[in-house]
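Some notes on the structure that comes next.
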Amino acid sequence: MVRTDPRNFADPGAGQRPRVRWWWPGGAVSGPQIEHELRALHDAGFSRAEIALLPMGLPDSVPSESVRSWGTPEFTERLADALRTARRYGMRIDLTVSPGWPMASPAVGGDRNHLAQRKLVRGSRTLAGGATIAEIPPPEGDRTATDQLVAVTAVRVLVDAAEPARPVMLDEDSAVDLTGRVAAGELCWTAPCEGEWLVFSFWSRASGQRSVAEASMLDAPVIDHFSAEAVAVAIEHIDQFVLPASLDPLLAEAGGDIFEDSLEIATDAELWTASFLTEFARRRGYDLTPYLPVVRVDRLYRFDWETLLAGITPDSPADYDLPDGRGRRIRHDYYRTLNELYVDHHVTPLTRWANRRGLRYRAQPYGNTMDQVEIAGAVQIPESEDLVSWIAAGGMTDGAVAYERVLDFHRGIAAAAHMTGGRVVSLECCAVLNADYQTDLAALQRHVDRAFSAGVNQLVLHGVPYQGVPGAAWPGWAPFANDSSPEVSDAWGPRQPMWRHMRAYADYVARTATVLQHGRPRVDVAIYKQAYWCLAWPKITVPGLADAGYTYEFLTPSLLEHDNAVVRGGRLAPDQAAYRALVIDHEPAMEPGVLRRIRGLARQGLPVVVVGPPPCRATGFRDADRRDQEVERLAAELLTLPRVRRVDDQAHILDALDELGVQPDARLHGASGVVSVHRAADDGDYYHLTNLGADQARLRADLRGAGDARILDPWRGTSHPLPGPVTPDRRSVALRLGRGESTIVFLGTGAGLRARPVQTPAPAVPVVPRWERELTDWDLDVADWRPDGTVRHRLRLGALADWRTIEPLGDAAGIGTYRADAELPAGSADGVDAVLLDLGRVAGTVRLEVNGRTVPVDCTTGRTPDVRPWLREGPNQITIEVATTLGNRLIALGRAGDAAYARLAARPTLPAGLLGPVHLRGVTVRADPSGSRDGSSVAEGWLEESSLG
C-alpha cells in the first residue's frame with residue numbers, strides 16, 4: 001500500500017507522489033492488462049493514474065467498436081477494473097470529464113443541438129443614405145439548420161467602408177437595433193439620408209466542433225461551455241452511462257479527481273450562448289445589441305498554430321471599431337462576461353457535481369479569451385502545463401529557449417490557489433514538441449524544478465500509453481508518437497530504458513512536493529495584472545527582482561476582491577500568501593471598484609508601488625466618461641498615501657520596495673538566476689532554491705526564520721546540518737548550486753518533516769578539494785534494445801566516450817553497466833569530511849553502487865554524491881548503470897528505411913552513455929574565516945570551487 005502520511009519527507013505519502021496521465025486507446029483495454037500497468041506505475045512511485053481517452057494513431061487491427069465505447073456498459077466495467085486494481089495498490093484513479101477535450105457529450109447532439117457550443121456569425125450589407133433594405137443580410141458561410149437569428153443592427157460609417165483598411169470606424173451615436181423590425185423573417189428599413197450605413201445580421205450557429213479525440217460511438221459535440229443547461233445534461237449523461245451510482249463504493253475508495261483539460265474551443269467567429277445578451281445586460285448594465293459589430297477580432301477564436309504564429313490577440317485590430325478606444329471597452333466587457341459565465345455556468349456546477357460524487361474538480365483554466373488567473377481562483381485544483389506556458393513565453397518563435405521564461409505563467413495559476421486558500425497547484429509535465437523518445441529524466445527535472453520555483457507543488461506526468469495494443473509497431477502504441485498526430489513527448493512506461501530509474505525520480509518529486517505542500521506559502525510581492533488571453537504572459541522583466549531574492553505572483557481584480565484580501569501587519573492575505581507589497585505596473589485602465597479596493601488596502605498599511613503613469617480610465621463601456629474621472633480621482637488619492645510610491649519604470653521597483661522597508665524573505669547575494677520559494681509552517685520555515693541560470697551559482701542566502709539550519713536532500717530523504725551565522729530574524733548560509741540544481745533549506749527545530757537526520761556534510765555547501773583520483777579503466781556491459789529483442793555488448797574501455805563513437809554502439813539505446821576498480825590507500829579518509837564521486841557528463845539516467853551496495857543519487861545527472869560511507873580502505877568496485885532514451889535506435893531504424901519509423905529519420909541523434917571524466921575527490925567543508933565550523937560568520941571566502949551535490 002502507498003503511504004498516506006502527508007508529513008513524511010523520508011517516505012512521502014500518496015498525496016505528494018506524482019501522478020501520471022494514462023492514455024487509453026478509447027475503451028480497447030482489458031482487465032489483466034490494466035492490472036499489469038497499474039502495478040508498474042505503483043512500483044515506479046506513482047500514486048494516481050488519470051485515464052485519458054486518446055484513440056489516435058491506432059493500428060487498423062483494433063476494432064472500432066471497442067475503441068469508441070465511452071458511455072457503454074463495457075467501458076464502465078473497464079473503469080471498475082481500474083478502480084478495483086487501484087484500491088488494491090493503495091492508488092487512486094482520476095477521470096477526464098468527457099471522451100476528449102474540450103468537454104463534449106452525446107447529450108447535446110440531435111434535438112439538443114442548441115446546447116452544443118455556439119458561435120456568433122454575421123452578415124452585412126452596405127446601404128447608402130436614404131436607401132431601403134428589404135431583406136435580412138444572410139449570414140457568412142453555409143447556412144445550417146442550427147442558425148438562429150440573434151439581432152439585426154445598423155450603424156453609420158465614419159469612413160468609406162469599401163476601403164481595405166481595418167478597422168472600419170463606426171459612428172457610435174448612430175447605432176440602432178433593428179431586431180424589433182423583423183417580421184416573418186423579413187426586414188424593411190430605410191437609412192437616414194446622411195452618410196453611408198452598414199446593416200448587420202447576427203446569428204447563433206452551432207460551432208460543429210468535436211473533441212480533439214473522440215471515443216464515443218454516439219455523436220458527441222463540444223458542449224456550450226457558457227450554458228448551465230448544457231453542463232447539466234452532460235452531467236446527467238455521465239451519471240447514467242459512464243459513472244453510474246453502482247460505482248460509488250469504488251469511487252469512494254479509489255476515486256480521485258474529475259479532470260478537465262485546457263479550454264481549446266476553436267471557432268471562426270465569436271463565442272456565444274443563448275442567454276448571452278440577457279446575461280450581458282444584467283452584468284454590465286447596458287444592452288450589447290447595437291454594438292455587436294465591434295466585438296469581432298478576426299481569427300481570434302480559431303485556436304490553431306497559424307493564428308498563434310500570426311500573433312493575433314484580443315488587442316489585435318477589430319474588423320469594426322468605435323473612436324477613442326470605446327470599441328476596446330466593449331470588447332473588454334464581452335470578454336469579462338464570457339469569463340463570468342464560464343465560472344458560474346461551467347466551473348461551479350462541475351465542482352458541485354464532482355464533490356457530490358466524492359471526487360474533486362481539477363482543471364486547466366486557460367484558453368481562448370479567458371483570464372486564467374481569475375478562472376484558476378474558482379477551480380478546486382488549478383493546473384498549469386509546460387506546453388502552453390512555453391507558447392505563452394514565445395516558444396513558437398524562440399524555440400527551446402522560451403522554456404527559461406515560463407515561470408510567470410505558472411505564477412499566475414499559483415497565485416489564484418494561494419489567494420483563495422487552495423493547497424495544491426498542479427502541473428501537466430513535461431510535454432515538448434518533436435521530442436518523443438528523445439526526452440530524458442534530466443529534462444523532466446528541469447521542467448519540474450522550474451514549475452516548483454513558481455508555486456507548483458503537484459506533478460502529473462505526460463504521459464504513459466496503454467501498452468497492450470495489438471499490432472502496434474515497437475516499442476508500442478503512443479497517441480503522440482505516430483504519423484497521424486502531433487509529436488509530443490513522451491511515451492513513458494516500461495517501454496523506456498529510463499523507466500528502470502523512474503522510482504528515484506518519483507521519490508525526488510514526492511519529497512519536494514511534501515515540502516511545497518506543507519505549511520503556507522509566503523510571497524513577497526503581488527503584481528496586479530488582468531489579461532483575457534492566456535498567451536499574454538510573461539510580462540514582468542524587473543531587473544534584479546528575482547536575483548535579489550524577491551518572490552512574486554500576479555493578482556487579478558477578482559482576487560483582490562476576495563474575502564481573503566485583507567491587510568494585517570502590513571501583509572496582504574496574511575493567512576494565505578502574506579504578500580508584503582503590491583505593484584501596479586503600467587496599467588492605464590482599471591475599474592473604479594478595483595482601484596477603490598487598492599486604495600483601501602494601502603490605507604490599511606499595504607505598501608504599493610505604481611510603475612509608470614497611474615491608471616487614468618476605466619476598462620468598461622458604461623458611463624465611461626464619469627467612471628474615467630472617478631479612476632483619475634482615486635489614482636490621485638492613492639498616490640498621496642504614505643505607503644505608496646510611484647516610479648517611472650520597472651528598473652526602479654527595487655529602490656521603491658527598499659524605501660518602503662519591504663525586504664524579501666530570502667535575501668540572495670551573489671546570485672544570478674537563483675529563484676526561491678518560501679513555505680512557513682508551525683515547525684519552521686522551508687526554502688526551496690533553484691539555480692535557473694546558465695552557470696554555477698555561488699551565493700549567500702540570508703533567510704528569514706529562526707532555529708537551526710539544515711539542508712533537506714530530496715534525492716535521499718535526509719536532513720543535514722548547515723553552518724551559518726545568526727541574526728535576530730535570519731540565518732545566513734553559503735551555497736553553491738550547479739546549473740539546474742535545487743536545494744531545500746529548513747530553519748527550525750528537529751530534522752524537518754521527519755526527514756532522516758544525518759551528520760554528513762550537506763549537499764550544495766561549498767567545499768575545498770584535498771585529493772583527487774580519476775577512474776579511467778572500465779568494463780562496459782550494454783543491453784541494446786531492439787524491436788526483435790535485446791543484444792548484449794561487452795567491452796573494455798580505456799577511456800569513456802559517447803556510445804555513438806564506440807563500435808558497435810553507434811545506434812545503441814538501452815542500459816549500460818560500467819564497472820571500475822578504485823584503490824583507496826590507507827589514511828585517504830583522514831582529514832576529509834566527504835569523498836565525492838564526480839561522474840562528469842552523463843547522457844542518460846544513473847543508478848550507482850559502491851562495493852555492491854546501492855548509493856542514493858540524483859538519477860538524472862549522478863551529481864557528485866558523497867560515497868565515503870560506502871568506501872573502504874584498499875580495493876573498491878564502482879558500478880554505474882546508465883539508461884538512455886530510445887531515440888537513437890528509432891532514428892537508426894528510420895534511416896534504414898523502416899516505414900514505421902520514417903518520421904524520425906531526419907532527427908539528429910543525441911549523446912548516450914557515461915561520458916565522464918569520473919573522479920573521486922576527498923573534500924572538506926570550508927570553515928569560516930575564524931577557523932570554526934559553527935557558522936559564526938559568513939564571508940565570500942566560503943564560496944570555493946566545489947560543492948557537495
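How things are named: the first chain in the C-alpha cells is A, the next is B, and so on; residues count from 1 in each chain; ligands count from 1 in the order shown.
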
Could you find all residues in stretch 520-603 of chain A that DSSP calls strand (DSSP E or B) from the backbone, and write them as an mmCIF file with all heavy atoms, in the first residue's frame?
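As a result, states-v3.cif now contains:
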```
data_model
loop_
_atom_site.group_PDB
_atom_site.id
_atom_site.type_symbol
_atom_site.label_atom_id
_atom_site.label_comp_id
_atom_site.auth_asym_id
_atom_site.auth_seq_id
_atom_site.Cartn_x
_atom_site.Cartn_y
_atom_site.Cartn_z
ATOM 1 N N ARG A 520 2.190 27.153 4.794
ATOM 2 C CA ARG A 520 1.532 28.166 3.979
ATOM 3 C C ARG A 520 2.552 28.839 3.073
ATOM 4 O O ARG A 520 3.708 29.011 3.456
ATOM 5 C CB ARG A 520 0.864 29.221 4.872
ATOM 6 C CG ARG A 520 -0.186 28.667 5.816
ATOM 7 C CD ARG A 520 -0.580 29.660 6.886
ATOM 8 N NE ARG A 520 0.562 30.095 7.711
ATOM 9 C CZ ARG A 520 1.100 29.359 8.679
ATOM 10 N NH1 ARG A 520 0.607 28.174 8.972
ATOM 11 N NH2 ARG A 520 2.113 29.816 9.370
ATOM 12 N N PRO A 521 2.126 29.270 1.886
ATOM 13 C CA PRO A 521 3.056 29.993 1.011
ATOM 14 C C PRO A 521 3.356 31.363 1.589
ATOM 15 O O PRO A 521 2.505 31.979 2.230
ATOM 16 C CB PRO A 521 2.294 30.097 -0.311
ATOM 17 C CG PRO A 521 0.849 30.058 0.097
ATOM 18 C CD PRO A 521 0.790 29.138 1.294
ATOM 19 N N ARG A 522 4.550 31.812 1.335
ATOM 20 C CA ARG A 522 4.940 33.173 1.702
ATOM 21 C C ARG A 522 5.554 33.819 0.466
ATOM 22 O O ARG A 522 6.573 33.359 -0.027
ATOM 23 C CB ARG A 522 5.932 33.183 2.876
ATOM 24 C CG ARG A 522 5.278 32.855 4.217
ATOM 25 C CD ARG A 522 4.349 33.974 4.639
ATOM 26 N NE ARG A 522 3.617 33.723 5.891
ATOM 27 C CZ ARG A 522 2.370 33.285 5.942
ATOM 28 N NH1 ARG A 522 1.713 33.016 4.837
ATOM 29 N NH2 ARG A 522 1.775 33.114 7.101
ATOM 30 N N VAL A 525 5.875 39.772 -3.145
ATOM 31 C CA VAL A 525 5.258 40.846 -3.927
ATOM 32 C C VAL A 525 4.109 40.291 -4.756
ATOM 33 O O VAL A 525 4.240 39.235 -5.395
ATOM 34 C CB VAL A 525 6.292 41.522 -4.856
ATOM 35 C CG1 VAL A 525 5.631 42.586 -5.726
ATOM 36 C CG2 VAL A 525 7.420 42.136 -4.030
ATOM 37 N N ALA A 526 2.988 41.005 -4.759
ATOM 38 C CA ALA A 526 1.880 40.728 -5.674
ATOM 39 C C ALA A 526 1.900 41.782 -6.764
ATOM 40 O O ALA A 526 2.084 42.967 -6.490
ATOM 41 C CB ALA A 526 0.547 40.756 -4.933
ATOM 42 N N ILE A 527 1.721 41.358 -8.003
ATOM 43 C CA ILE A 527 1.707 42.270 -9.145
ATOM 44 C C ILE A 527 0.317 42.232 -9.766
ATOM 45 O O ILE A 527 -0.180 41.162 -10.127
ATOM 46 C CB ILE A 527 2.782 41.891 -10.175
ATOM 47 C CG1 ILE A 527 4.164 41.981 -9.522
ATOM 48 C CG2 ILE A 527 2.703 42.786 -11.403
ATOM 49 C CD1 ILE A 527 5.295 41.466 -10.375
ATOM 50 N N TYR A 528 -0.307 43.378 -9.860
ATOM 51 C CA TYR A 528 -1.646 43.458 -10.438
ATOM 52 C C TYR A 528 -1.569 43.186 -11.935
ATOM 53 O O TYR A 528 -0.718 43.735 -12.644
ATOM 54 C CB TYR A 528 -2.241 44.845 -10.196
ATOM 55 C CG TYR A 528 -3.598 45.038 -10.842
ATOM 56 C CD1 TYR A 528 -4.761 44.729 -10.155
ATOM 57 C CD2 TYR A 528 -3.698 45.520 -12.146
ATOM 58 C CE1 TYR A 528 -6.007 44.899 -10.742
ATOM 59 C CE2 TYR A 528 -4.941 45.688 -12.742
ATOM 60 C CZ TYR A 528 -6.079 45.377 -12.042
ATOM 61 O OH TYR A 528 -7.304 45.531 -12.633
ATOM 62 N N TYR A 552 7.390 36.702 -6.361
ATOM 63 C CA TYR A 552 6.236 37.499 -6.777
ATOM 64 C C TYR A 552 5.226 36.618 -7.494
ATOM 65 O O TYR A 552 5.548 35.557 -8.022
ATOM 66 C CB TYR A 552 6.644 38.683 -7.658
ATOM 67 C CG TYR A 552 7.307 38.320 -8.966
ATOM 68 C CD1 TYR A 552 6.551 38.100 -10.112
ATOM 69 C CD2 TYR A 552 8.686 38.217 -9.062
ATOM 70 C CE1 TYR A 552 7.143 37.778 -11.311
ATOM 71 C CE2 TYR A 552 9.303 37.898 -10.260
ATOM 72 C CZ TYR A 552 8.533 37.680 -11.384
ATOM 73 O OH TYR A 552 9.133 37.355 -12.584
ATOM 74 N N GLU A 553 3.988 37.096 -7.493
ATOM 75 C CA GLU A 553 2.881 36.444 -8.177
ATOM 76 C C GLU A 553 1.960 37.516 -8.748
ATOM 77 O O GLU A 553 2.178 38.712 -8.524
ATOM 78 C CB GLU A 553 2.087 35.554 -7.209
ATOM 79 C CG GLU A 553 2.845 34.338 -6.727
ATOM 80 C CD GLU A 553 2.041 33.486 -5.760
ATOM 81 O OE1 GLU A 553 1.042 33.990 -5.198
ATOM 82 O OE2 GLU A 553 2.419 32.321 -5.560
ATOM 83 N N PHE A 554 0.928 37.076 -9.465
ATOM 84 C CA PHE A 554 0.034 38.004 -10.140
ATOM 85 C C PHE A 554 -1.382 37.884 -9.576
ATOM 86 O O PHE A 554 -1.899 36.777 -9.404
ATOM 87 C CB PHE A 554 0.011 37.702 -11.636
ATOM 88 C CG PHE A 554 1.358 37.816 -12.281
ATOM 89 C CD1 PHE A 554 2.181 36.704 -12.387
ATOM 90 C CD2 PHE A 554 1.810 39.022 -12.771
ATOM 91 C CE1 PHE A 554 3.425 36.795 -12.970
ATOM 92 C CE2 PHE A 554 3.068 39.123 -13.356
ATOM 93 C CZ PHE A 554 3.879 38.008 -13.457
ATOM 94 N N LEU A 555 -1.989 39.027 -9.317
ATOM 95 C CA LEU A 555 -3.357 39.060 -8.797
ATOM 96 C C LEU A 555 -4.256 39.812 -9.774
ATOM 97 O O LEU A 555 -3.893 40.874 -10.280
ATOM 98 C CB LEU A 555 -3.403 39.732 -7.429
ATOM 99 C CG LEU A 555 -2.616 39.057 -6.303
ATOM 100 C CD1 LEU A 555 -2.839 39.814 -4.996
ATOM 101 C CD2 LEU A 555 -3.007 37.599 -6.155
ATOM 102 N N VAL A 567 -5.682 43.220 4.927
ATOM 103 C CA VAL A 567 -4.324 43.573 5.349
ATOM 104 C C VAL A 567 -4.240 43.509 6.867
ATOM 105 O O VAL A 567 -5.096 44.042 7.574
ATOM 106 C CB VAL A 567 -3.939 44.982 4.855
ATOM 107 C CG1 VAL A 567 -2.577 45.396 5.420
ATOM 108 C CG2 VAL A 567 -3.921 45.017 3.331
ATOM 109 N N ARG A 568 -3.223 42.816 7.344
ATOM 110 C CA ARG A 568 -2.936 42.752 8.772
ATOM 111 C C ARG A 568 -1.429 42.727 8.950
ATOM 112 O O ARG A 568 -0.733 41.923 8.327
ATOM 113 C CB ARG A 568 -3.572 41.505 9.389
ATOM 114 C CG ARG A 568 -3.484 41.487 10.926
ATOM 115 C CD ARG A 568 -4.317 40.360 11.522
ATOM 116 N NE ARG A 568 -3.828 39.035 11.155
ATOM 117 C CZ ARG A 568 -4.477 38.181 10.395
ATOM 118 N NH1 ARG A 568 -5.673 38.496 9.887
ATOM 119 N NH2 ARG A 568 -3.958 36.989 10.117
ATOM 120 N N ARG A 571 0.615 43.030 5.746
ATOM 121 C CA ARG A 571 0.656 41.916 4.798
ATOM 122 C C ARG A 571 -0.726 41.712 4.180
ATOM 123 O O ARG A 571 -1.737 41.690 4.893
ATOM 124 C CB ARG A 571 1.106 40.621 5.489
ATOM 125 C CG ARG A 571 2.384 40.736 6.323
ATOM 126 C CD ARG A 571 3.618 40.874 5.468
ATOM 127 N NE ARG A 571 3.932 39.645 4.758
ATOM 128 C CZ ARG A 571 4.762 38.704 5.221
ATOM 129 N NH1 ARG A 571 5.330 38.845 6.420
ATOM 130 N NH2 ARG A 571 5.033 37.639 4.492
ATOM 131 N N LEU A 572 -0.765 41.569 2.877
ATOM 132 C CA LEU A 572 -1.996 41.271 2.168
ATOM 133 C C LEU A 572 -2.258 39.776 2.213
ATOM 134 O O LEU A 572 -1.370 38.980 1.931
ATOM 135 C CB LEU A 572 -1.884 41.747 0.716
ATOM 136 C CG LEU A 572 -3.025 41.373 -0.240
ATOM 137 C CD1 LEU A 572 -4.343 41.979 0.217
ATOM 138 C CD2 LEU A 572 -2.693 41.813 -1.667
ATOM 139 N N TYR A 579 1.432 38.591 1.170
ATOM 140 C CA TYR A 579 2.230 39.474 0.317
ATOM 141 C C TYR A 579 2.662 40.709 1.093
ATOM 142 O O TYR A 579 1.893 41.301 1.842
ATOM 143 C CB TYR A 579 1.405 39.906 -0.901
ATOM 144 C CG TYR A 579 0.863 38.757 -1.719
ATOM 145 C CD1 TYR A 579 -0.470 38.360 -1.584
ATOM 146 C CD2 TYR A 579 1.667 38.065 -2.619
ATOM 147 C CE1 TYR A 579 -0.982 37.313 -2.340
ATOM 148 C CE2 TYR A 579 1.162 37.016 -3.370
ATOM 149 C CZ TYR A 579 -0.162 36.640 -3.230
ATOM 150 O OH TYR A 579 -0.658 35.602 -3.964
ATOM 151 N N ALA A 581 3.897 43.506 -0.476
ATOM 152 C CA ALA A 581 3.690 44.724 -1.263
ATOM 153 C C ALA A 581 2.886 44.377 -2.507
ATOM 154 O O ALA A 581 2.833 43.223 -2.936
ATOM 155 C CB ALA A 581 5.022 45.351 -1.666
ATOM 156 N N LEU A 582 2.247 45.397 -3.086
ATOM 157 C CA LEU A 582 1.511 45.269 -4.331
ATOM 158 C C LEU A 582 2.121 46.217 -5.348
ATOM 159 O O LEU A 582 2.387 47.384 -5.046
ATOM 160 C CB LEU A 582 0.028 45.623 -4.117
ATOM 161 C CG LEU A 582 -0.853 45.667 -5.374
ATOM 162 C CD1 LEU A 582 -1.011 44.279 -5.980
ATOM 163 C CD2 LEU A 582 -2.230 46.266 -5.046
ATOM 164 N N VAL A 583 2.365 45.708 -6.555
ATOM 165 C CA VAL A 583 2.916 46.515 -7.639
ATOM 166 C C VAL A 583 1.863 46.649 -8.726
ATOM 167 O O VAL A 583 1.269 45.653 -9.160
ATOM 168 C CB VAL A 583 4.204 45.880 -8.211
ATOM 169 C CG1 VAL A 583 4.656 46.612 -9.473
ATOM 170 C CG2 VAL A 583 5.313 45.901 -7.168
ATOM 171 N N ILE A 584 1.624 47.876 -9.177
ATOM 172 C CA ILE A 584 0.754 48.149 -10.324
ATOM 173 C C ILE A 584 1.663 48.614 -11.448
ATOM 174 O O ILE A 584 2.231 49.702 -11.385
ATOM 175 C CB ILE A 584 -0.300 49.226 -9.989
ATOM 176 C CG1 ILE A 584 -1.128 48.802 -8.781
ATOM 177 C CG2 ILE A 584 -1.184 49.508 -11.189
ATOM 178 C CD1 ILE A 584 -2.054 49.893 -8.267
ATOM 179 N N ASP A 585 1.816 47.785 -12.452
ATOM 180 C CA ASP A 585 2.852 48.011 -13.467
ATOM 181 C C ASP A 585 2.235 48.428 -14.799
ATOM 182 O O ASP A 585 1.682 47.613 -15.530
ATOM 183 C CB ASP A 585 3.674 46.727 -13.646
ATOM 184 C CG ASP A 585 4.772 46.902 -14.681
ATOM 185 O OD1 ASP A 585 5.239 48.043 -14.853
ATOM 186 O OD2 ASP A 585 5.151 45.901 -15.319
ATOM 187 N N ALA A 589 -5.670 51.272 -17.461
ATOM 188 C CA ALA A 589 -7.107 51.133 -17.246
ATOM 189 C C ALA A 589 -7.381 50.229 -16.057
ATOM 190 O O ALA A 589 -6.735 49.190 -15.882
ATOM 191 C CB ALA A 589 -7.773 50.564 -18.495
#
```

- Message: Can you pull out every residue from stretch 449-606 of chain A that DSSP, working from the backbone, puts in helix (DSSP H, G or I), and format the result as a count of residues only?
- Response: 40

- Between atom CA of A:Pro293 and atom CA of A:Ala184, what is the spacing in Å?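 Rounded to one decimal, the two atoms are 23.7 Å apart.
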